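Next comes start_5.pdb, with PDB, C-alpha atoms and all ligand atoms.
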```
ATOM      1  CA  MET A   1       0.000   0.000   0.000  1.00  0.00           C
ATOM      2  CA  THR A   2       1.419   3.402  -0.947  1.00  0.00           C
ATOM      3  CA  LYS A   3       0.952   6.257   1.462  1.00  0.00           C
ATOM      4  CA  THR A   4       0.645   9.766   0.037  1.00  0.00           C
ATOM      5  CA  LEU A   5       2.836  12.128   2.064  1.00  0.00           C
ATOM      6  CA  SER A   6       2.119  15.817   2.405  1.00  0.00           C
ATOM      7  CA  LYS A   7       4.657  18.228   0.882  1.00  0.00           C
ATOM      8  CA  LYS A   8       3.819  20.849   3.451  1.00  0.00           C
ATOM      9  CA  PRO A   9       6.320  21.342   6.257  1.00  0.00           C
ATOM     10  CA  VAL A  10       5.114  19.474   9.327  1.00  0.00           C
ATOM     11  CA  LYS A  11       3.928  21.666  12.202  1.00  0.00           C
ATOM     12  CA  SER A  12       6.491  21.397  14.936  1.00  0.00           C
ATOM     13  CA  GLY A  13       5.500  21.698  18.583  1.00  0.00           C
ATOM     14  CA  LEU A  14       7.622  24.015  20.686  1.00  0.00           C
ATOM     15  CA  HIS A  15       9.368  23.250  23.954  1.00  0.00           C
ATOM     16  CA  GLN A  16       9.402  25.645  26.879  1.00  0.00           C
ATOM     17  CA  SER A  17      12.095  28.297  26.461  1.00  0.00           C
ATOM     18  CA  ARG A  18      13.260  31.622  27.857  1.00  0.00           C
ATOM     19  CA  ILE A  19      14.088  32.914  24.369  1.00  0.00           C
ATOM     20  CA  ASP A  20      12.647  36.382  23.696  1.00  0.00           C
ATOM     21  CA  LEU A  21      10.808  35.620  20.456  1.00  0.00           C
ATOM     22  CA  SER A  22       7.072  34.908  20.546  1.00  0.00           C
ATOM     23  CA  ALA A  23       5.925  31.296  20.301  1.00  0.00           C
ATOM     24  CA  LYS A  24       3.756  32.280  17.340  1.00  0.00           C
ATOM     25  CA  SER A  25       6.768  33.566  15.397  1.00  0.00           C
ATOM     26  CA  ARG A  26       8.983  30.700  16.450  1.00  0.00           C
ATOM     27  CA  SER A  27       6.464  28.126  15.335  1.00  0.00           C
ATOM     28  CA  GLN A  28       6.456  29.637  11.823  1.00  0.00           C
ATOM     29  CA  LEU A  29      10.236  30.013  11.824  1.00  0.00           C
ATOM     30  CA  VAL A  30      10.701  26.368  12.800  1.00  0.00           C
ATOM     31  CA  ASP A  31       8.449  25.378   9.895  1.00  0.00           C
ATOM     32  CA  LEU A  32      10.560  27.501   7.515  1.00  0.00           C
ATOM     33  CA  LEU A  33      13.729  25.928   8.894  1.00  0.00           C
ATOM     34  CA  ASN A  34      12.401  22.381   8.660  1.00  0.00           C
ATOM     35  CA  GLY A  35      11.200  22.975   5.104  1.00  0.00           C
ATOM     36  CA  SER A  36      14.625  24.211   4.137  1.00  0.00           C
ATOM     37  CA  LEU A  37      16.289  21.384   6.075  1.00  0.00           C
ATOM     38  CA  ALA A  38      14.327  18.915   3.943  1.00  0.00           C
ATOM     39  CA  ASP A  39      15.257  20.680   0.681  1.00  0.00           C
ATOM     40  CA  THR A  40      18.919  20.912   1.704  1.00  0.00           C
ATOM     41  CA  PHE A  41      19.162  17.244   2.682  1.00  0.00           C
ATOM     42  CA  ASP A  42      17.479  16.264  -0.574  1.00  0.00           C
ATOM     43  CA  LEU A  43      19.838  18.483  -2.581  1.00  0.00           C
ATOM     44  CA  TYR A  44      22.821  17.028  -0.692  1.00  0.00           C
ATOM     45  CA  SER A  45      21.810  13.515  -1.761  1.00  0.00           C
ATOM     46  CA  GLN A  46      21.297  14.681  -5.365  1.00  0.00           C
ATOM     47  CA  VAL A  47      24.796  16.180  -5.499  1.00  0.00           C
ATOM     48  CA  LYS A  48      26.218  12.944  -4.072  1.00  0.00           C
ATOM     49  CA  GLN A  49      24.290  10.996  -6.706  1.00  0.00           C
ATOM     50  CA  ALA A  50      26.036  13.112  -9.364  1.00  0.00           C
ATOM     51  CA  HIS A  51      29.405  12.715  -7.591  1.00  0.00           C
ATOM     52  CA  TRP A  52      29.132   8.928  -7.820  1.00  0.00           C
ATOM     53  CA  ASN A  53      27.670   8.536 -11.298  1.00  0.00           C
ATOM     54  CA  VAL A  54      29.222  11.266 -13.445  1.00  0.00           C
ATOM     55  CA  LYS A  55      31.208  10.049 -16.508  1.00  0.00           C
ATOM     56  CA  GLY A  56      33.142  11.665 -19.323  1.00  0.00           C
ATOM     57  CA  HIS A  57      36.409  13.467 -19.919  1.00  0.00           C
ATOM     58  CA  GLN A  58      35.743  15.961 -17.106  1.00  0.00           C
ATOM     59  CA  PHE A  59      35.019  13.136 -14.681  1.00  0.00           C
ATOM     60  CA  TYR A  60      37.649  13.870 -12.089  1.00  0.00           C
ATOM     61  CA  GLN A  61      37.189  17.617 -11.664  1.00  0.00           C
ATOM     62  CA  LEU A  62      33.401  17.235 -11.535  1.00  0.00           C
ATOM     63  CA  HIS A  63      33.655  14.301  -9.117  1.00  0.00           C
ATOM     64  CA  LEU A  64      35.703  16.540  -6.791  1.00  0.00           C
ATOM     65  CA  LEU A  65      33.577  19.661  -7.284  1.00  0.00           C
ATOM     66  CA  PHE A  66      30.363  17.772  -6.548  1.00  0.00           C
ATOM     67  CA  ASP A  67      31.848  16.384  -3.336  1.00  0.00           C
ATOM     68  CA  GLU A  68      32.913  19.868  -2.212  1.00  0.00           C
ATOM     69  CA  ILE A  69      29.381  21.170  -2.821  1.00  0.00           C
ATOM     70  CA  ALA A  70      27.842  18.188  -1.010  1.00  0.00           C
ATOM     71  CA  SER A  71      30.005  18.796   2.084  1.00  0.00           C
ATOM     72  CA  GLU A  72      28.810  22.410   2.301  1.00  0.00           C
ATOM     73  CA  LEU A  73      25.182  21.317   2.044  1.00  0.00           C
ATOM     74  CA  LEU A  74      25.640  18.802   4.839  1.00  0.00           C
ATOM     75  CA  GLU A  75      27.022  21.550   7.094  1.00  0.00           C
ATOM     76  CA  GLN A  76      23.994  23.679   6.242  1.00  0.00           C
ATOM     77  CA  VAL A  77      21.659  20.803   7.133  1.00  0.00           C
ATOM     78  CA  ASP A  78      23.217  20.847  10.600  1.00  0.00           C
ATOM     79  CA  GLU A  79      22.934  24.624  10.941  1.00  0.00           C
ATOM     80  CA  LEU A  80      19.267  24.629   9.895  1.00  0.00           C
ATOM     81  CA  ALA A  81      18.400  21.780  12.270  1.00  0.00           C
ATOM     82  CA  GLU A  82      20.201  23.437  15.169  1.00  0.00           C
ATOM     83  CA  ARG A  83      18.513  26.796  14.537  1.00  0.00           C
ATOM     84  CA  ALA A  84      15.155  24.970  14.720  1.00  0.00           C
ATOM     85  CA  THR A  85      16.113  23.467  18.073  1.00  0.00           C
ATOM     86  CA  ALA A  86      17.582  26.787  19.291  1.00  0.00           C
ATOM     87  CA  LEU A  87      14.099  28.232  18.750  1.00  0.00           C
ATOM     88  CA  ALA A  88      12.807  25.408  20.985  1.00  0.00           C
ATOM     89  CA  GLY A  89      11.352  23.553  18.037  1.00  0.00           C
ATOM     90  CA  THR A  90      11.875  19.987  16.873  1.00  0.00           C
ATOM     91  CA  ALA A  91      14.193  19.367  13.940  1.00  0.00           C
ATOM     92  CA  LEU A  92      12.690  17.000  11.377  1.00  0.00           C
ATOM     93  CA  GLY A  93      15.828  15.635   9.824  1.00  0.00           C
ATOM     94  CA  THR A  94      15.698  11.954   8.941  1.00  0.00           C
ATOM     95  CA  VAL A  95      16.111  10.961   5.300  1.00  0.00           C
ATOM     96  CA  ARG A  96      12.465   9.859   5.205  1.00  0.00           C
ATOM     97  CA  MET A  97      11.269  13.153   6.702  1.00  0.00           C
ATOM     98  CA  ALA A  98      13.356  15.071   4.187  1.00  0.00           C
ATOM     99  CA  ALA A  99      12.074  12.983   1.278  1.00  0.00           C
ATOM    100  CA  ALA A 100       8.476  13.568   2.356  1.00  0.00           C
ATOM    101  CA  ALA A 101       8.835  17.331   2.783  1.00  0.00           C
ATOM    102  CA  SER A 102      11.321  18.349   0.051  1.00  0.00           C
ATOM    103  CA  ARG A 103       9.995  20.660  -2.619  1.00  0.00           C
ATOM    104  CA  LEU A 104      12.704  19.767  -5.153  1.00  0.00           C
ATOM    105  CA  ASN A 105      12.127  17.496  -8.122  1.00  0.00           C
ATOM    106  CA  GLU A 106      13.685  14.039  -8.137  1.00  0.00           C
ATOM    107  CA  TYR A 107      17.136  13.777  -9.691  1.00  0.00           C
ATOM    108  CA  PRO A 108      17.205  12.135 -13.149  1.00  0.00           C
ATOM    109  CA  VAL A 109      18.610   8.596 -13.281  1.00  0.00           C
ATOM    110  CA  ASP A 110      19.047   8.421 -17.070  1.00  0.00           C
ATOM    111  CA  ILE A 111      22.028  10.805 -17.414  1.00  0.00           C
ATOM    112  CA  LEU A 112      25.753  10.037 -17.490  1.00  0.00           C
ATOM    113  CA  GLU A 113      27.803  12.737 -19.177  1.00  0.00           C
ATOM    114  CA  GLY A 114      29.380  15.535 -17.135  1.00  0.00           C
ATOM    115  CA  MET A 115      27.493  18.484 -18.591  1.00  0.00           C
ATOM    116  CA  ASP A 116      24.165  16.687 -18.230  1.00  0.00           C
ATOM    117  CA  HIS A 117      24.857  16.315 -14.513  1.00  0.00           C
ATOM    118  CA  VAL A 118      25.969  19.953 -14.301  1.00  0.00           C
ATOM    119  CA  ALA A 119      22.744  21.079 -15.998  1.00  0.00           C
ATOM    120  CA  ALA A 120      20.577  18.855 -13.765  1.00  0.00           C
ATOM    121  CA  LEU A 121      22.271  20.215 -10.635  1.00  0.00           C
ATOM    122  CA  ALA A 122      21.994  23.807 -11.904  1.00  0.00           C
ATOM    123  CA  GLU A 123      18.218  23.275 -12.254  1.00  0.00           C
ATOM    124  CA  ALA A 124      17.978  21.885  -8.733  1.00  0.00           C
ATOM    125  CA  PHE A 125      20.164  24.662  -7.269  1.00  0.00           C
ATOM    126  CA  ALA A 126      18.165  27.416  -8.974  1.00  0.00           C
ATOM    127  CA  HIS A 127      14.919  26.084  -7.507  1.00  0.00           C
ATOM    128  CA  TYR A 128      16.556  25.614  -4.105  1.00  0.00           C
ATOM    129  CA  ALA A 129      18.080  29.116  -4.095  1.00  0.00           C
ATOM    130  CA  GLN A 130      14.728  30.702  -4.943  1.00  0.00           C
ATOM    131  CA  ILE A 131      13.037  29.138  -1.897  1.00  0.00           C
ATOM    132  CA  VAL A 132      15.943  30.083   0.395  1.00  0.00           C
ATOM    133  CA  ARG A 133      15.818  33.708  -0.790  1.00  0.00           C
ATOM    134  CA  GLU A 134      12.083  33.869   0.007  1.00  0.00           C
ATOM    135  CA  ASN A 135      12.874  32.573   3.494  1.00  0.00           C
ATOM    136  CA  ILE A 136      15.208  35.530   4.201  1.00  0.00           C
ATOM    137  CA  GLU A 137      12.328  37.977   3.929  1.00  0.00           C
ATOM    138  CA  LYS A 138       9.865  35.724   5.730  1.00  0.00           C
ATOM    139  CA  SER A 139      12.265  35.344   8.690  1.00  0.00           C
ATOM    140  CA  ASP A 140      12.806  39.078   8.740  1.00  0.00           C
ATOM    141  CA  GLU A 141       9.061  39.688   8.821  1.00  0.00           C
ATOM    142  CA  LEU A 142       8.798  37.255  11.762  1.00  0.00           C
ATOM    143  CA  GLY A 143      11.305  39.402  13.670  1.00  0.00           C
ATOM    144  CA  ASP A 144      14.206  36.945  13.636  1.00  0.00           C
ATOM    145  CA  ALA A 145      17.343  38.593  12.254  1.00  0.00           C
ATOM    146  CA  ASP A 146      19.433  35.543  13.178  1.00  0.00           C
ATOM    147  CA  THR A 147      17.390  33.086  11.120  1.00  0.00           C
ATOM    148  CA  ALA A 148      17.294  35.664   8.304  1.00  0.00           C
ATOM    149  CA  ASP A 149      21.091  35.846   8.573  1.00  0.00           C
ATOM    150  CA  LEU A 150      21.385  32.051   8.355  1.00  0.00           C
ATOM    151  CA  PHE A 151      19.174  31.987   5.258  1.00  0.00           C
ATOM    152  CA  THR A 152      21.192  34.894   3.809  1.00  0.00           C
ATOM    153  CA  ALA A 153      24.453  32.971   4.211  1.00  0.00           C
ATOM    154  CA  ILE A 154      22.914  29.854   2.652  1.00  0.00           C
ATOM    155  CA  SER A 155      21.436  31.933  -0.171  1.00  0.00           C
ATOM    156  CA  ARG A 156      24.788  33.583  -0.918  1.00  0.00           C
ATOM    157  CA  ASN A 157      26.436  30.176  -1.098  1.00  0.00           C
ATOM    158  CA  ALA A 158      23.666  28.746  -3.285  1.00  0.00           C
ATOM    159  CA  ASP A 159      24.158  31.635  -5.739  1.00  0.00           C
ATOM    160  CA  LYS A 160      27.898  31.003  -5.739  1.00  0.00           C
ATOM    161  CA  ARG A 161      27.452  27.293  -6.403  1.00  0.00           C
ATOM    162  CA  LEU A 162      24.930  28.017  -9.155  1.00  0.00           C
ATOM    163  CA  TRP A 163      27.590  30.228 -10.730  1.00  0.00           C
ATOM    164  CA  PHE A 164      30.202  27.424 -10.443  1.00  0.00           C
ATOM    165  CA  LEU A 165      27.800  25.028 -12.181  1.00  0.00           C
ATOM    166  CA  GLU A 166      26.594  27.454 -14.850  1.00  0.00           C
ATOM    167  CA  ALA A 167      30.159  28.551 -15.693  1.00  0.00           C
ATOM    168  CA  HIS A 168      30.558  25.086 -17.260  1.00  0.00           C
ATOM    169  CA  LEU A 169      27.548  25.703 -19.481  1.00  0.00           C
ATOM    170  CA  GLN A 170      27.825  29.382 -20.401  1.00  0.00           C
ATOM    171  CA  ALA A 171      30.828  29.090 -22.739  1.00  0.00           C
ATOM    172  CA  GLU A 172      29.158  26.348 -24.755  1.00  0.00           C
ATOM    173  CA  SER A 173      25.884  28.160 -25.444  1.00  0.00           C
TER
HETATM  174 FE    FE A 201      33.156  10.089  -2.595  1.00  0.00          FE
END
```
Using the file provided, produce a representation of the structure as structure tokens.
Ligand SMILES: [Fe+2]
Amino acid sequence: MTKTLSKKPVKSGLHQSRIDLSAKSRSQLVDLLNGSLADTFDLYSQVKQAHWNVKGHQFYQLHLLFDEIASELLEQVDELAERATALAGTALGTVRMAAAASRLNEYPVDILEGMDHVAALAEAFAHYAQIVRENIEKSDELGDADTADLFTAISRNADKRLWFLEAHLQAES
């Protein structure tokens, strides 16, 4: 039997805390953080998928680049989860939770060549970066400069990595 899982971030109950942000704001912030945690974990696994399966004459440099990008994403997963718990929320960070909540499309399995992987990752990064950028403003509106700052740092890095990926494609078009 297949269960249909909701794509909406799961509502996360808050623990008691002395933190000076309202529970109402924190509840929404934790949802933003968990949504982004899911996307980031999903993107991490997609970049690893490319790292393992890429072929072609640029194999080695792409294999290394993809691993570097994946390591950064894994660090960001940790930062997002720990911001959710710092706000007295519950981090929803298992692979299954991430798979259920991620808003990214599934990574293609029928590609091999380096530039096809670069293009597939550029698509995923562009979508990812767009959601992260929206979260900067939403966090700001909820009165949390620190979460906005975390999303800003992640957004800046996503833009940089999109540039690294697209630089492979721009000279050929
Ligand atoms: Fe590896």
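Using all atoms listed in the file as the basis for the distance check, residues found within 9 Å of ligand FE 201 (chain A) are Lys48, His51, Trp52, His63, Leu64 and Asp67 of chain A.
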I would like the residues chosen by the PyMOL selection byres (((chain A and resi 116-133) around 6) and not hetatm) on the shown file; could you give them as a PDB file with C-alpha atoms, keeping the file's coordinate frame?
```pdb
ATOM      1  CA  GLU A 113      27.803  12.737 -19.177  1.00  0.00           C
ATOM      2  CA  GLY A 114      29.380  15.535 -17.135  1.00  0.00           C
ATOM      3  CA  MET A 115      27.493  18.484 -18.591  1.00  0.00           C
ATOM      4  CA  GLU A 134      12.083  33.869   0.007  1.00  0.00           C
ATOM      5  CA  ASN A 135      12.874  32.573   3.494  1.00  0.00           C
ATOM      6  CA  ILE A 136      15.208  35.530   4.201  1.00  0.00           C
ATOM      7  CA  SER A 155      21.436  31.933  -0.171  1.00  0.00           C
ATOM      8  CA  ALA A 158      23.666  28.746  -3.285  1.00  0.00           C
ATOM      9  CA  LEU A 162      24.930  28.017  -9.155  1.00  0.00           C
ATOM     10  CA  LEU A 165      27.800  25.028 -12.181  1.00  0.00           C
TER      11      LEU A 165
END
```
Legend entry - Shell around Ser139 in chain A at 12 Å using all atoms listed in the file, local window under 2 positions removed, as a list in words: Leu21, Ser25, Arg26, Ser27, Gln28, Leu29, Val30, Asp31, Leu32, Leu33, Val132, Arg133, Glu134, Asn135, Ile136, Glu137, Glu141, Leu142, Gly143, Asp144, Ala145, Asp146, Thr147, Ala148, Asp149, Leu150, Phe151 and Thr152 of chain A
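Of the residues listed (A:His168, A:Lys24, A:Lys55, A:His15), A:Lys55 shows the shortest atom-to-atom separation from Ile111 in chain A; distances use only C-alpha atoms.
In terms of minimum interatomic distance to Leu87 in chain A, A:Ile19 ranks closest within A:Leu74, A:Ala153, A:Ala100, A:Ile19, counting only C-alpha atoms.
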Legend entry - Residue contacts of Glu106 in chain A (10 Å, all atoms listed in the file) excluding same-chain residues fewer than 5 positions away, as a count of residues only: 5
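Ranking A:Ala23, A:Leu169, A:Asn34, A:Gln76 by their shortest atom-to-atom distance to Thr90 in chain A, with all atoms listed in the file included, puts A:Asn34 first.
The gap separating CA of Asp20 in chain A from CA of Arg156 in chain A is 27.6 Å, in Å to one decimal.
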If the PyMOL selection byres (((chain A and resi 102) around 7) and not hetatm) is run on the structure shown, which residues does it catch, given as a short mmCIF file (atom, residue, chain, number, x, y, z; two decimals) with C-alpha atoms, in the frame of the given file?
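Result written to selection_20.cif:
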```cif
data_model
loop_
_atom_site.label_atom_id
_atom_site.label_comp_id
_atom_site.auth_asym_id
_atom_site.auth_seq_id
_atom_site.Cartn_x
_atom_site.Cartn_y
_atom_site.Cartn_z
CA LYS A 7 4.66 18.23 0.88
CA GLY A 35 11.20 22.98 5.10
CA ALA A 38 14.33 18.92 3.94
CA ASP A 39 15.26 20.68 0.68
CA ASP A 42 17.48 16.26 -0.57
CA ALA A 98 13.36 15.07 4.19
CA ALA A 99 12.07 12.98 1.28
CA ALA A 100 8.48 13.57 2.36
CA ALA A 101 8.84 17.33 2.78
CA ARG A 103 9.99 20.66 -2.62
CA LEU A 104 12.70 19.77 -5.15
#
```
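Across the model, the gap from CA of Ile69 in chain A to CA of Val47 in chain A is 7.3 Å.
Shortest separation to Leu112 in chain A among A:Val54, A:Phe41, A:Glu68, A:Gly93 occurs at residue A:Val54, atoms counted being all atoms listed in the file.
Distance check against Tyr44 in chain A using all atoms listed in the file: of A:Gln58, A:Ala70, A:Ser22, A:Thr85, the minimum falls on A:Ala70.
With all atoms listed in the file as the basis for measurement, A:Ala88 is the residue among A:Ala88, A:Gln170, A:Ser71, A:Phe66 that approaches Gln16 in chain A most closely.
Note that CA of Arg96 in chain A and CA of Ala81 in chain A are 15.1 Å apart.
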